[in-house]
Amino acid sequence: MHDKQRPVRVGIVGLGTVGGGAFNLLKANADEIARRTGRPILVSHIGSRRDHPGCDTQGVKVSRDVFAVVHDPEIDVLVEVMGGTTIAREVVTQALESGKHVVTANKALLAEHGNEIFALAEARGRFVAFEAAVAGGVPIIKVLREGLAANRIHAVAGIINGTGNFILTEMRDKARDFIDVLKEAQELGYAEADPTFDVEGIDAAHKLTILAALAFGIPLQFSKVYTEGISALTTLDVAYATELGYRIKHLGLTRRTGDGIEMRVHPTLIPCDRLLSHVDGVKNAVLVLADPVGSTLYYGSGAGAGPTASAVVADLVDVVRAMQDHSPDARARVPHLAFQPDALNDTPILPMIQVETAFYLRLMVEDRPGVLAEVTGILSRQGINIEAIIQKPAHDAGIIPVIILTRPVLEQHMNDAISAMASIPVLREPVVRIRVESLDA
Ligand code: HSE
């Protein structure tokens with residue numbers, strides 16, 4: 001058989017939600033996919049500790065030892081969808097060393113070890129494709145690497161964790177309990193193996209690390225992402241934000257400033273008139289501000305079998321096409337991190353205290369004369385300009401919520417103001433602060 005007609009042989013390691021979805025999708029859309037690639041794609045070896053009840057693997061070799069797939073000489077492309085950063089790192093490294101291309105959905109692996117993995121892939125002339133690592137079915141990697149390649153990117157802001165967004169949406173719309181919604185997200189296959197990765201922002205930080213590298217041509221620097229989760233958010237603040245014309249979203253944001261690059265994940269008030277604030281449920285969306293294109297927004301399902309499989313299989317299509325190029329060297333195509341590997345910048349990543357944002361503050365204070373003057377005095381001494389201040393009706397036992405929206409201020413100044421507020425004698429709870437982003441161009 002002419003080499004171009006020989007099926008491309010694929011090994012899949014990890015037959016969970018993503019692996020099972022990709023396996024079934026390759027079967028279901030086999031003809032359509034072959035019309036796109038010019039060659040059939042055949043899953044010939046699966047490595048998984050257990051079977052997937054929704055996958056008919058008859059006729060496919062299945063090994064319990066994932067390294068049996070990695071070292072199978074028949075395999076051209078290895079799909080790593082097992083997750084984790086220890087065995088998965090070995091799997092990917094050994095696959096590249098044995099001359100295989102790799103497709104992975106593993107954002108943690110790439111965010112933490114991507115620099116060395118891409119260097120190895122480049123040295124071996126192999127390709128590591130990772131569309132499924134960020135925003136599930138939304139092809140944001142291709143957008144940043146190819147579609148916007150002519151632009152200078154200023155900022156990327158995204159709702160990039162489906163589980164967290166699903167939880168926030170249910171809390172807002174149905175006043176459902178946090179734990180109850182999280183359980184449903186796990187059952188639906190959205191959540192990470194360790195769901196604290198979702199709700200504490202670690203998953204989003206992994207994805208943001210990748211987006212920042214692609215947007216600005218910098219190495220992957222996961223340890224420098226400021227990360228704050230949603231587990232401490234209350235329905236009270238969700239409701240007040242709505243009343244003030246905002247929605248609280250768990251946002252991942254990376255921005256280029258004159259002093260360096262911001263990389264941060266935290267709950268964020270977004271004005272209701274921004275499209276991003278209407279991205280609900282398990283949906284993800286990524287906003288890119290770039291010159292000269294302006295602002296563009298990419299939206300879709302960020303988790304679950306179908307959307308993630310869509311991205312994994314699209315990567316396989318890319319790799320198969322690359323294998324058919326006259327040059328067998330995958331380096332000749334699109335650089336892994338969008339910029340040529342020898343052209344990455346060492347632009348500093350800004351520590352959070354140097355980041356400027358507006359703030360929503362909630363203080364629970366005793367209803368006494370002069371309290372507001374004391375609070376506004378502290379803000380004014382830190383040079384913090386107030387955009388709006390609202391005193392809500394008393395809650396229990398004469399405790400009143402005071403809500404303040406500020407203009408943009410350096411995080412350091414806000415930290416100092418909040419420390420000073422702690423000594424207000426009538427303050428009954430720690431000050432709640434949530435950052436606000438207008439997300440305008
Ligand atoms: N746990 C992730 C999420 C899955 O909820 O978005 C997709 O990366």
# chains A, B, ... in the order shown; residues from 1 in each chain; ligands from 1
call {"tool": "residues_near_ligand", "arguments": {"ligand": "ligand 1", "cutoff": "6 Å", "atoms": "only C-alpha atoms and all ligand atoms", "output": "ChimeraX atom specification"}}
result
/A:136,161-163,190-192,198,302-303
call {"tool": "residues_around", "arguments": {"residues": "Arg39 (chain A)", "least_positions_apart": "4", "cutoff": "6 Å", "atoms": "only C-alpha atoms", "output": "list in words"}}
result
Gln5, Pro7 and Ala34 of chain A
call {"tool": "select_by_dssp", "arguments": {"residues": "region 236-393 of chain A", "states": "strand (DSSP E or B)", "output": "PDB file with N, CA and C atoms, in the first residue's frame"}}
result
ATOM      1  N   TYR A 246     -23.647  44.304  37.376  1.00  0.00           N
ATOM      2  CA  TYR A 246     -22.477  43.469  37.065  1.00  0.00           C
ATOM      3  C   TYR A 246     -22.832  41.993  37.221  1.00  0.00           C
ATOM      4  N   ARG A 247     -21.953  41.145  36.732  1.00  0.00           N
ATOM      5  CA  ARG A 247     -22.034  39.717  37.041  1.00  0.00           C
ATOM      6  C   ARG A 247     -20.663  39.256  37.510  1.00  0.00           C
ATOM      7  N   ILE A 248     -20.672  38.327  38.453  1.00  0.00           N
ATOM      8  CA  ILE A 248     -19.378  37.827  38.934  1.00  0.00           C
ATOM      9  C   ILE A 248     -19.007  36.600  38.119  1.00  0.00           C
ATOM     10  N   LYS A 249     -17.840  36.652  37.494  1.00  0.00           N
ATOM     11  CA  LYS A 249     -17.315  35.530  36.718  1.00  0.00           C
ATOM     12  C   LYS A 249     -15.931  35.182  37.240  1.00  0.00           C
ATOM     13  N   HIS A 250     -15.558  33.925  37.093  1.00  0.00           N
ATOM     14  CA  HIS A 250     -14.198  33.534  37.468  1.00  0.00           C
ATOM     15  C   HIS A 250     -13.346  33.727  36.227  1.00  0.00           C
ATOM     16  N   LEU A 251     -12.597  34.812  36.223  1.00  0.00           N
ATOM     17  CA  LEU A 251     -11.917  35.241  35.008  1.00  0.00           C
ATOM     18  C   LEU A 251     -10.422  34.918  35.066  1.00  0.00           C
ATOM     19  N   GLY A 252      -9.892  34.481  33.944  1.00  0.00           N
ATOM     20  CA  GLY A 252      -8.446  34.378  33.764  1.00  0.00           C
ATOM     21  C   GLY A 252      -8.054  35.530  32.868  1.00  0.00           C
ATOM     22  N   LEU A 253      -7.095  36.323  33.302  1.00  0.00           N
ATOM     23  CA  LEU A 253      -6.756  37.512  32.517  1.00  0.00           C
ATOM     24  C   LEU A 253      -5.244  37.663  32.404  1.00  0.00           C
ATOM     25  N   THR A 254      -4.784  37.895  31.190  1.00  0.00           N
ATOM     26  CA  THR A 254      -3.370  38.212  30.995  1.00  0.00           C
ATOM     27  C   THR A 254      -3.301  39.448  30.112  1.00  0.00           C
ATOM     28  N   ARG A 255      -2.453  40.397  30.552  1.00  0.00           N
ATOM     29  CA  ARG A 255      -2.436  41.698  29.879  1.00  0.00           C
ATOM     30  C   ARG A 255      -0.992  42.190  29.811  1.00  0.00           C
ATOM     31  N   ARG A 256      -0.678  42.834  28.686  1.00  0.00           N
ATOM     32  CA  ARG A 256       0.655  43.422  28.536  1.00  0.00           C
ATOM     33  C   ARG A 256       0.573  44.873  28.993  1.00  0.00           C
ATOM     34  N   ILE A 261       3.982  41.829  32.280  1.00  0.00           N
ATOM     35  CA  ILE A 261       2.764  41.099  31.892  1.00  0.00           C
ATOM     36  C   ILE A 261       2.004  40.662  33.140  1.00  0.00           C
ATOM     37  N   GLU A 262       0.704  40.899  33.125  1.00  0.00           N
ATOM     38  CA  GLU A 262      -0.154  40.434  34.229  1.00  0.00           C
ATOM     39  C   GLU A 262      -0.655  39.031  33.891  1.00  0.00           C
ATOM     40  N   MET A 263      -0.673  38.164  34.882  1.00  0.00           N
ATOM     41  CA  MET A 263      -1.291  36.838  34.704  1.00  0.00           C
ATOM     42  C   MET A 263      -2.067  36.562  35.987  1.00  0.00           C
ATOM     43  N   ARG A 264      -3.386  36.543  35.897  1.00  0.00           N
ATOM     44  CA  ARG A 264      -4.160  36.403  37.130  1.00  0.00           C
ATOM     45  C   ARG A 264      -5.495  35.704  36.877  1.00  0.00           C
ATOM     46  N   VAL A 265      -5.904  34.944  37.897  1.00  0.00           N
ATOM     47  CA  VAL A 265      -7.197  34.247  37.879  1.00  0.00           C
ATOM     48  C   VAL A 265      -7.893  34.608  39.177  1.00  0.00           C
ATOM     49  N   HIS A 266      -9.075  35.196  39.093  1.00  0.00           N
ATOM     50  CA  HIS A 266      -9.800  35.542  40.319  1.00  0.00           C
ATOM     51  C   HIS A 266     -11.253  35.847  39.982  1.00  0.00           C
ATOM     52  N   PRO A 267     -12.143  35.791  40.987  1.00  0.00           N
ATOM     53  CA  PRO A 267     -13.518  36.223  40.739  1.00  0.00           C
ATOM     54  C   PRO A 267     -13.484  37.680  40.306  1.00  0.00           C
ATOM     55  N   THR A 268     -14.345  38.040  39.369  1.00  0.00           N
ATOM     56  CA  THR A 268     -14.291  39.388  38.785  1.00  0.00           C
ATOM     57  C   THR A 268     -15.698  39.887  38.496  1.00  0.00           C
ATOM     58  N   LEU A 269     -15.965  41.138  38.866  1.00  0.00           N
ATOM     59  CA  LEU A 269     -17.218  41.757  38.449  1.00  0.00           C
ATOM     60  C   LEU A 269     -17.027  42.279  37.024  1.00  0.00           C
ATOM     61  N   ILE A 270     -17.936  41.881  36.141  1.00  0.00           N
ATOM     62  CA  ILE A 270     -17.892  42.338  34.750  1.00  0.00           C
ATOM     63  C   ILE A 270     -19.210  43.051  34.459  1.00  0.00           C
ATOM     64  N   PRO A 271     -19.167  44.237  33.835  1.00  0.00           N
ATOM     65  CA  PRO A 271     -20.425  44.947  33.558  1.00  0.00           C
ATOM     66  C   PRO A 271     -21.365  44.083  32.708  1.00  0.00           C
ATOM     67  N   LYS A 283     -20.355  26.813  29.555  1.00  0.00           N
ATOM     68  CA  LYS A 283     -19.721  27.468  28.405  1.00  0.00           C
ATOM     69  C   LYS A 283     -18.451  28.218  28.823  1.00  0.00           C
ATOM     70  N   ASN A 284     -17.536  28.270  27.915  1.00  0.00           N
ATOM     71  CA  ASN A 284     -16.309  29.058  28.067  1.00  0.00           C
ATOM     72  C   ASN A 284     -16.345  30.171  27.023  1.00  0.00           C
ATOM     73  N   ALA A 285     -15.608  31.239  27.263  1.00  0.00           N
ATOM     74  CA  ALA A 285     -15.420  32.248  26.223  1.00  0.00           C
ATOM     75  C   ALA A 285     -14.099  32.946  26.475  1.00  0.00           C
ATOM     76  N   VAL A 286     -13.436  33.302  25.390  1.00  0.00           N
ATOM     77  CA  VAL A 286     -12.157  33.994  25.512  1.00  0.00           C
ATOM     78  C   VAL A 286     -12.218  35.256  24.660  1.00  0.00           C
ATOM     79  N   LEU A 287     -11.913  36.378  25.309  1.00  0.00           N
ATOM     80  CA  LEU A 287     -11.891  37.675  24.642  1.00  0.00           C
ATOM     81  C   LEU A 287     -10.428  38.014  24.360  1.00  0.00           C
ATOM     82  N   VAL A 288     -10.139  38.409  23.123  1.00  0.00           N
ATOM     83  CA  VAL A 288      -8.772  38.799  22.781  1.00  0.00           C
ATOM     84  C   VAL A 288      -8.798  40.242  22.300  1.00  0.00           C
ATOM     85  N   LEU A 289      -7.974  41.075  22.927  1.00  0.00           N
ATOM     86  CA  LEU A 289      -7.836  42.465  22.493  1.00  0.00           C
ATOM     87  C   LEU A 289      -6.508  42.583  21.781  1.00  0.00           C
ATOM     88  N   ALA A 290      -6.557  42.951  20.520  1.00  0.00           N
ATOM     89  CA  ALA A 290      -5.335  42.936  19.716  1.00  0.00           C
ATOM     90  C   ALA A 290      -5.357  44.065  18.703  1.00  0.00           C
ATOM     91  N   ASP A 291      -4.197  44.390  18.212  1.00  0.00           N
ATOM     92  CA  ASP A 291      -4.055  45.465  17.249  1.00  0.00           C
ATOM     93  C   ASP A 291      -3.470  44.887  15.960  1.00  0.00           C
ATOM     94  N   GLY A 294      -8.698  44.597  16.840  1.00  0.00           N
ATOM     95  CA  GLY A 294      -9.644  45.076  17.856  1.00  0.00           C
ATOM     96  C   GLY A 294     -10.017  43.936  18.783  1.00  0.00           C
ATOM     97  N   SER A 295     -11.253  43.959  19.279  1.00  0.00           N
ATOM     98  CA  SER A 295     -11.620  42.884  20.201  1.00  0.00           C
ATOM     99  C   SER A 295     -12.371  41.788  19.454  1.00  0.00           C
ATOM    100  N   THR A 296     -12.005  40.544  19.748  1.00  0.00           N
ATOM    101  CA  THR A 296     -12.697  39.383  19.165  1.00  0.00           C
ATOM    102  C   THR A 296     -13.029  38.446  20.320  1.00  0.00           C
ATOM    103  N   LEU A 297     -14.119  37.710  20.161  1.00  0.00           N
ATOM    104  CA  LEU A 297     -14.598  36.860  21.256  1.00  0.00           C
ATOM    105  C   LEU A 297     -14.889  35.463  20.729  1.00  0.00           C
ATOM    106  N   TYR A 298     -14.453  34.450  21.462  1.00  0.00           N
ATOM    107  CA  TYR A 298     -14.592  33.052  21.034  1.00  0.00           C
ATOM    108  C   TYR A 298     -15.350  32.308  22.122  1.00  0.00           C
ATOM    109  N   TYR A 299     -16.399  31.598  21.710  1.00  0.00           N
ATOM    110  CA  TYR A 299     -17.362  31.068  22.684  1.00  0.00           C
ATOM    111  C   TYR A 299     -17.693  29.617  22.371  1.00  0.00           C
ATOM    112  N   GLY A 300     -17.904  28.812  23.388  1.00  0.00           N
ATOM    113  CA  GLY A 300     -18.341  27.434  23.148  1.00  0.00           C
ATOM    114  C   GLY A 300     -18.250  26.610  24.418  1.00  0.00           C
ATOM    115  N   SER A 301     -18.461  25.311  24.270  1.00  0.00           N
ATOM    116  CA  SER A 301     -18.428  24.443  25.443  1.00  0.00           C
ATOM    117  C   SER A 301     -17.000  24.168  25.863  1.00  0.00           C
ATOM    118  N   ILE A 349       6.948  39.135  34.637  1.00  0.00           N
ATOM    119  CA  ILE A 349       5.550  38.939  35.026  1.00  0.00           C
ATOM    120  C   ILE A 349       5.321  39.793  36.268  1.00  0.00           C
ATOM    121  N   GLU A 356      -3.107  46.995  38.572  1.00  0.00           N
ATOM    122  CA  GLU A 356      -4.114  48.014  38.841  1.00  0.00           C
ATOM    123  C   GLU A 356      -5.494  47.514  38.394  1.00  0.00           C
ATOM    124  N   THR A 357      -6.458  47.500  39.318  1.00  0.00           N
ATOM    125  CA  THR A 357      -7.840  47.159  38.956  1.00  0.00           C
ATOM    126  C   THR A 357      -8.779  48.001  39.823  1.00  0.00           C
ATOM    127  N   ALA A 358     -10.027  48.064  39.364  1.00  0.00           N
ATOM    128  CA  ALA A 358     -11.063  48.641  40.212  1.00  0.00           C
ATOM    129  C   ALA A 358     -11.519  47.557  41.187  1.00  0.00           C
ATOM    130  N   PHE A 359     -12.215  47.956  42.253  1.00  0.00           N
ATOM    131  CA  PHE A 359     -12.642  46.988  43.276  1.00  0.00           C
ATOM    132  C   PHE A 359     -14.100  47.177  43.671  1.00  0.00           C
ATOM    133  N   TYR A 360     -14.719  46.057  44.027  1.00  0.00           N
ATOM    134  CA  TYR A 360     -15.990  46.013  44.754  1.00  0.00           C
ATOM    135  C   TYR A 360     -15.604  45.658  46.184  1.00  0.00           C
ATOM    136  N   LEU A 361     -16.074  46.456  47.144  1.00  0.00           N
ATOM    137  CA  LEU A 361     -15.816  46.147  48.564  1.00  0.00           C
ATOM    138  C   LEU A 361     -17.147  45.985  49.283  1.00  0.00           C
ATOM    139  N   ARG A 362     -17.200  45.047  50.208  1.00  0.00           N
ATOM    140  CA  ARG A 362     -18.390  44.962  51.101  1.00  0.00           C
ATOM    141  C   ARG A 362     -17.898  44.948  52.540  1.00  0.00           C
ATOM    142  N   LEU A 363     -18.410  45.916  53.298  1.00  0.00           N
ATOM    143  CA  LEU A 363     -18.073  45.982  54.721  1.00  0.00           C
ATOM    144  C   LEU A 363     -19.351  45.747  55.514  1.00  0.00           C
ATOM    145  N   MET A 364     -19.278  44.947  56.534  1.00  0.00           N
ATOM    146  CA  MET A 364     -20.420  44.740  57.429  1.00  0.00           C
ATOM    147  C   MET A 364     -20.099  45.515  58.711  1.00  0.00           C
ATOM    148  N   VAL A 365     -20.832  46.597  58.911  1.00  0.00           N
ATOM    149  CA  VAL A 365     -20.506  47.484  60.041  1.00  0.00           C
ATOM    150  C   VAL A 365     -21.724  47.734  60.926  1.00  0.00           C
ATOM    151  N   GLU A 366     -21.459  48.115  62.157  1.00  0.00           N
ATOM    152  CA  GLU A 366     -22.547  48.536  63.043  1.00  0.00           C
ATOM    153  C   GLU A 366     -23.024  49.901  62.574  1.00  0.00           C
ATOM    154  N   ILE A 386     -13.482  56.872  44.813  1.00  0.00           N
ATOM    155  CA  ILE A 386     -14.715  56.067  44.910  1.00  0.00           C
ATOM    156  C   ILE A 386     -15.612  56.336  43.707  1.00  0.00           C
ATOM    157  N   GLU A 387     -16.097  55.245  43.102  1.00  0.00           N
ATOM    158  CA  GLU A 387     -17.016  55.371  41.962  1.00  0.00           C
ATOM    159  C   GLU A 387     -18.458  55.407  42.471  1.00  0.00           C
ATOM    160  N   ALA A 388     -18.771  54.566  43.442  1.00  0.00           N
ATOM    161  CA  ALA A 388     -20.129  54.519  43.994  1.00  0.00           C
ATOM    162  C   ALA A 388     -20.068  53.960  45.400  1.00  0.00           C
ATOM    163  N   ILE A 389     -21.008  54.406  46.236  1.00  0.00           N
ATOM    164  CA  ILE A 389     -21.075  53.861  47.591  1.00  0.00           C
ATOM    165  C   ILE A 389     -22.546  53.686  47.948  1.00  0.00           C
ATOM    166  N   ILE A 390     -22.886  52.527  48.468  1.00  0.00           N
ATOM    167  CA  ILE A 390     -24.293  52.230  48.786  1.00  0.00           C
ATOM    168  C   ILE A 390     -24.370  51.634  50.183  1.00  0.00           C
ATOM    169  N   GLN A 391     -25.269  52.159  50.957  1.00  0.00           N
ATOM    170  CA  GLN A 391     -25.527  51.540  52.264  1.00  0.00           C
ATOM    171  C   GLN A 391     -26.831  50.774  52.152  1.00  0.00           C
TER     172      GLN A 391
END
call {"tool": "select_by_dssp", "arguments": {"residues": "region 348-412 of chain A", "states": "alpha helix (DSSP H)", "output": "list in words"}}
result
Val371, Leu372, Ala373, Glu374, Val375, Thr376, Gly377, Ile378, Leu379, Ser380, Arg381, Glu411 and Gln412 of chain A
call {"tool": "closest_residue", "arguments": {"among": "A:Arg152, A:Arg35, A:Lys174, A:His206", "to": "His113 (chain A)", "atoms": "only C-alpha atoms"}}
result
A:His206
call {"tool": "atom_distance", "arguments": {"atom1": "CA of Ala204 (chain A)", "atom2": "CA of Met171 (chain A)"}}
result
19.4 Å
call {"tool": "residues_around", "arguments": {"residues": "Gln221 (chain A)", "least_positions_apart": "2", "cutoff": "9 Å", "atoms": "only C-alpha atoms", "output": "ChimeraX atom specification"}}
result
/A:111-112,115,209-210,212-213,218-219,223-225,349
call {"tool": "closest_residue", "arguments": {"among": "A:Ile153, A:Val371, A:Val128, A:Leu188", "to": "Arg333 (chain A)", "atoms": "only C-alpha atoms"}}
result
A:Val128
call {"tool": "closest_residue", "arguments": {"among": "A:Asp31, A:Gly260, A:Ile353, A:Arg176", "to": "Leu410 (chain A)", "atoms": "only C-alpha atoms"}}
result
A:Ile353
call {"tool": "closest_residue", "arguments": {"among": "A:Leu350, A:Arg145, A:Glu90, A:Val138", "to": "Tyr226 (chain A)", "atoms": "only C-alpha atoms"}}
result
A:Leu350
call {"tool": "residues_around", "arguments": {"residues": "region 146-149 of chain A", "least_positions_apart": "5", "cutoff": "9 Å", "atoms": "only C-alpha atoms", "output": "VMD selection string"}}
result
chain A and resid 141 290 293 334 338
call {"tool": "write_last_selection", "arguments": {"atoms": "N, CA, C and O atoms", "output": "short mmCIF file (atom, residue, chain, number, x, y, z; two decimals), in the first residue's frame"}}
result
data_model
loop_
_atom_site.label_atom_id
_atom_site.label_comp_id
_atom_site.auth_asym_id
_atom_site.auth_seq_id
_atom_site.Cartn_x
_atom_site.Cartn_y
_atom_site.Cartn_z
N ILE A 141 -6.50 27.95 20.69
CA ILE A 141 -5.06 27.80 20.42
C ILE A 141 -4.79 28.16 18.95
O ILE A 141 -3.88 28.91 18.63
N ALA A 290 -6.56 42.95 20.52
CA ALA A 290 -5.34 42.94 19.72
C ALA A 290 -5.36 44.06 18.70
O ALA A 290 -6.42 44.62 18.39
N VAL A 293 -6.76 44.15 14.89
CA VAL A 293 -8.09 43.54 14.71
C VAL A 293 -9.12 44.09 15.69
O VAL A 293 -10.32 44.10 15.41
N VAL A 334 3.71 25.30 12.38
CA VAL A 334 3.43 26.39 13.32
C VAL A 334 4.22 26.15 14.60
O VAL A 334 4.15 25.06 15.17
N ALA A 338 3.55 29.61 19.25
CA ALA A 338 3.15 30.67 18.33
C ALA A 338 4.32 31.48 17.80
O ALA A 338 4.30 31.94 16.65
#
call {"tool": "closest_residue", "arguments": {"among": "A:Asp342, A:Asp315, A:Asp259, A:Glu437", "to": "Leu26 (chain A)", "atoms": "only C-alpha atoms"}}
result
A:Asp315
call {"tool": "residues_around", "arguments": {"residues": "Asp367 (chain A)", "least_positions_apart": "6", "cutoff": "9 Å", "atoms": "only C-alpha atoms", "output": "PyMOL selection string"}}
result
chain A and resi 394+398-400+426
call {"tool": "residues_around", "arguments": {"residues": "Glu97 (chain A)", "least_positions_apart": "5", "cutoff": "9 Å", "atoms": "only C-alpha atoms", "output": "ChimeraX atom specification"}}
result
/A:92,120-121,124
call {"tool": "residues_around", "arguments": {"residues": "Gly14 (chain A)", "least_positions_apart": "6", "cutoff": "9 Å", "atoms": "only C-alpha atoms", "output": "list in words"}}
result
Gly20, Ile46, Gly47, Ser48, Arg49, Arg50, Val66, Val79, Glu80, Val81, Met82 and Gly83 of chain A
call {"tool": "write_last_selection", "arguments": {"atoms": "all heavy atoms", "output": "PDB file, in the first residue's frame"}}
result
ATOM      1  N   GLY A  20     -12.436   8.495  25.803  1.00  0.00           N
ATOM      2  CA  GLY A  20     -13.608   7.766  25.295  1.00  0.00           C
ATOM      3  C   GLY A  20     -14.320   8.590  24.228  1.00  0.00           C
ATOM      4  O   GLY A  20     -14.735   8.075  23.186  1.00  0.00           O
ATOM      5  N   ILE A  46      -4.979   0.985  22.752  1.00  0.00           N
ATOM      6  CA  ILE A  46      -5.463   1.834  23.852  1.00  0.00           C
ATOM      7  C   ILE A  46      -4.773   1.394  25.140  1.00  0.00           C
ATOM      8  O   ILE A  46      -4.656   0.187  25.407  1.00  0.00           O
ATOM      9  CB  ILE A  46      -6.996   1.698  24.021  1.00  0.00           C
ATOM     10  CG1 ILE A  46      -7.709   2.338  22.817  1.00  0.00           C
ATOM     11  CG2 ILE A  46      -7.481   2.341  25.326  1.00  0.00           C
ATOM     12  CD1 ILE A  46      -9.195   2.080  22.772  1.00  0.00           C
ATOM     13  N   GLY A  47      -4.319   2.358  25.898  1.00  0.00           N
ATOM     14  CA  GLY A  47      -3.746   2.047  27.208  1.00  0.00           C
ATOM     15  C   GLY A  47      -4.639   2.641  28.279  1.00  0.00           C
ATOM     16  O   GLY A  47      -4.820   3.863  28.332  1.00  0.00           O
ATOM     17  N   SER A  48      -5.222   1.777  29.094  1.00  0.00           N
ATOM     18  CA  SER A  48      -6.124   2.291  30.124  1.00  0.00           C
ATOM     19  C   SER A  48      -6.270   1.265  31.230  1.00  0.00           C
ATOM     20  O   SER A  48      -6.324   0.062  30.950  1.00  0.00           O
ATOM     21  CB  SER A  48      -7.495   2.593  29.506  1.00  0.00           C
ATOM     22  OG  SER A  48      -8.388   3.022  30.502  1.00  0.00           O
ATOM     23  N   ARG A  49      -6.347   1.754  32.440  1.00  0.00           N
ATOM     24  CA  ARG A  49      -6.485   0.824  33.573  1.00  0.00           C
ATOM     25  C   ARG A  49      -7.866   0.184  33.600  1.00  0.00           C
ATOM     26  O   ARG A  49      -8.058  -0.866  34.151  1.00  0.00           O
ATOM     27  CB  ARG A  49      -6.217   1.560  34.893  1.00  0.00           C
ATOM     28  CG  ARG A  49      -4.741   1.478  35.275  1.00  0.00           C
ATOM     29  CD  ARG A  49      -4.490   2.258  36.533  1.00  0.00           C
ATOM     30  NE  ARG A  49      -4.786   3.669  36.304  1.00  0.00           N
ATOM     31  CZ  ARG A  49      -4.779   4.595  37.251  1.00  0.00           C
ATOM     32  NH1 ARG A  49      -4.526   4.287  38.480  1.00  0.00           N
ATOM     33  NH2 ARG A  49      -5.039   5.853  36.970  1.00  0.00           N
ATOM     34  N   ARG A  50      -8.847   0.855  33.012  1.00  0.00           N
ATOM     35  CA  ARG A  50     -10.182   0.240  32.993  1.00  0.00           C
ATOM     36  C   ARG A  50     -10.874   0.534  31.668  1.00  0.00           C
ATOM     37  O   ARG A  50     -10.481   1.451  30.934  1.00  0.00           O
ATOM     38  CB  ARG A  50     -11.038   0.722  34.174  1.00  0.00           C
ATOM     39  CG  ARG A  50     -11.228   2.200  34.271  1.00  0.00           C
ATOM     40  CD  ARG A  50     -11.886   2.568  35.596  1.00  0.00           C
ATOM     41  NE  ARG A  50     -10.951   2.503  36.706  1.00  0.00           N
ATOM     42  CZ  ARG A  50     -10.188   3.537  37.095  1.00  0.00           C
ATOM     43  NH1 ARG A  50     -10.258   4.680  36.458  1.00  0.00           N
ATOM     44  NH2 ARG A  50      -9.352   3.424  38.105  1.00  0.00           N
ATOM     45  N   VAL A  66       0.156   1.585  30.230  1.00  0.00           N
ATOM     46  CA  VAL A  66       0.160   2.641  29.200  1.00  0.00           C
ATOM     47  C   VAL A  66       1.475   2.673  28.413  1.00  0.00           C
ATOM     48  O   VAL A  66       1.502   3.067  27.242  1.00  0.00           O
ATOM     49  CB  VAL A  66      -0.112   4.040  29.804  1.00  0.00           C
ATOM     50  CG1 VAL A  66      -1.536   4.145  30.308  1.00  0.00           C
ATOM     51  CG2 VAL A  66       0.880   4.416  30.886  1.00  0.00           C
ATOM     52  N   VAL A  79      -2.032   9.818  21.642  1.00  0.00           N
ATOM     53  CA  VAL A  79      -2.968  10.767  22.244  1.00  0.00           C
ATOM     54  C   VAL A  79      -2.915  10.559  23.755  1.00  0.00           C
ATOM     55  O   VAL A  79      -3.305   9.505  24.258  1.00  0.00           O
ATOM     56  CB  VAL A  79      -4.407  10.533  21.711  1.00  0.00           C
ATOM     57  CG1 VAL A  79      -5.391  11.462  22.425  1.00  0.00           C
ATOM     58  CG2 VAL A  79      -4.464  10.757  20.206  1.00  0.00           C
ATOM     59  N   GLU A  80      -2.398  11.560  24.452  1.00  0.00           N
ATOM     60  CA  GLU A  80      -2.279  11.456  25.924  1.00  0.00           C
ATOM     61  C   GLU A  80      -3.450  12.195  26.552  1.00  0.00           C
ATOM     62  O   GLU A  80      -3.521  13.420  26.505  1.00  0.00           O
ATOM     63  CB  GLU A  80      -0.941  12.049  26.384  1.00  0.00           C
ATOM     64  CG  GLU A  80      -0.706  11.927  27.874  1.00  0.00           C
ATOM     65  CD  GLU A  80      -1.418  13.006  28.692  1.00  0.00           C
ATOM     66  OE1 GLU A  80      -1.230  14.200  28.412  1.00  0.00           O
ATOM     67  OE2 GLU A  80      -2.184  12.631  29.602  1.00  0.00           O
ATOM     68  N   VAL A  81      -4.396  11.429  27.086  1.00  0.00           N
ATOM     69  CA  VAL A  81      -5.557  12.047  27.729  1.00  0.00           C
ATOM     70  C   VAL A  81      -5.797  11.380  29.091  1.00  0.00           C
ATOM     71  O   VAL A  81      -6.927  11.158  29.502  1.00  0.00           O
ATOM     72  CB  VAL A  81      -6.816  11.981  26.818  1.00  0.00           C
ATOM     73  CG1 VAL A  81      -6.784  13.074  25.776  1.00  0.00           C
ATOM     74  CG2 VAL A  81      -6.942  10.632  26.131  1.00  0.00           C
ATOM     75  N   MET A  82      -4.679  11.051  29.742  1.00  0.00           N
ATOM     76  CA  MET A  82      -4.794  10.407  31.050  1.00  0.00           C
ATOM     77  C   MET A  82      -4.762  11.441  32.180  1.00  0.00           C
ATOM     78  O   MET A  82      -5.207  11.165  33.289  1.00  0.00           O
ATOM     79  CB  MET A  82      -3.684   9.374  31.234  1.00  0.00           C
ATOM     80  CG  MET A  82      -2.286   9.955  31.168  1.00  0.00           C
ATOM     81  SD  MET A  82      -1.009   8.687  31.093  1.00  0.00           S
ATOM     82  CE  MET A  82      -1.154   8.006  32.715  1.00  0.00           C
ATOM     83  N   GLY A  83      -4.233  12.634  31.910  1.00  0.00           N
ATOM     84  CA  GLY A  83      -4.149  13.673  32.936  1.00  0.00           C
ATOM     85  C   GLY A  83      -3.012  13.422  33.903  1.00  0.00           C
ATOM     86  O   GLY A  83      -2.305  12.405  33.828  1.00  0.00           O
TER      87      GLY A  83
END
call {"tool": "atom_distance", "arguments": {"atom1": "CA of Val10 (chain A)", "atom2": "CA of Val77 (chain A)"}}
result
4.9 Å
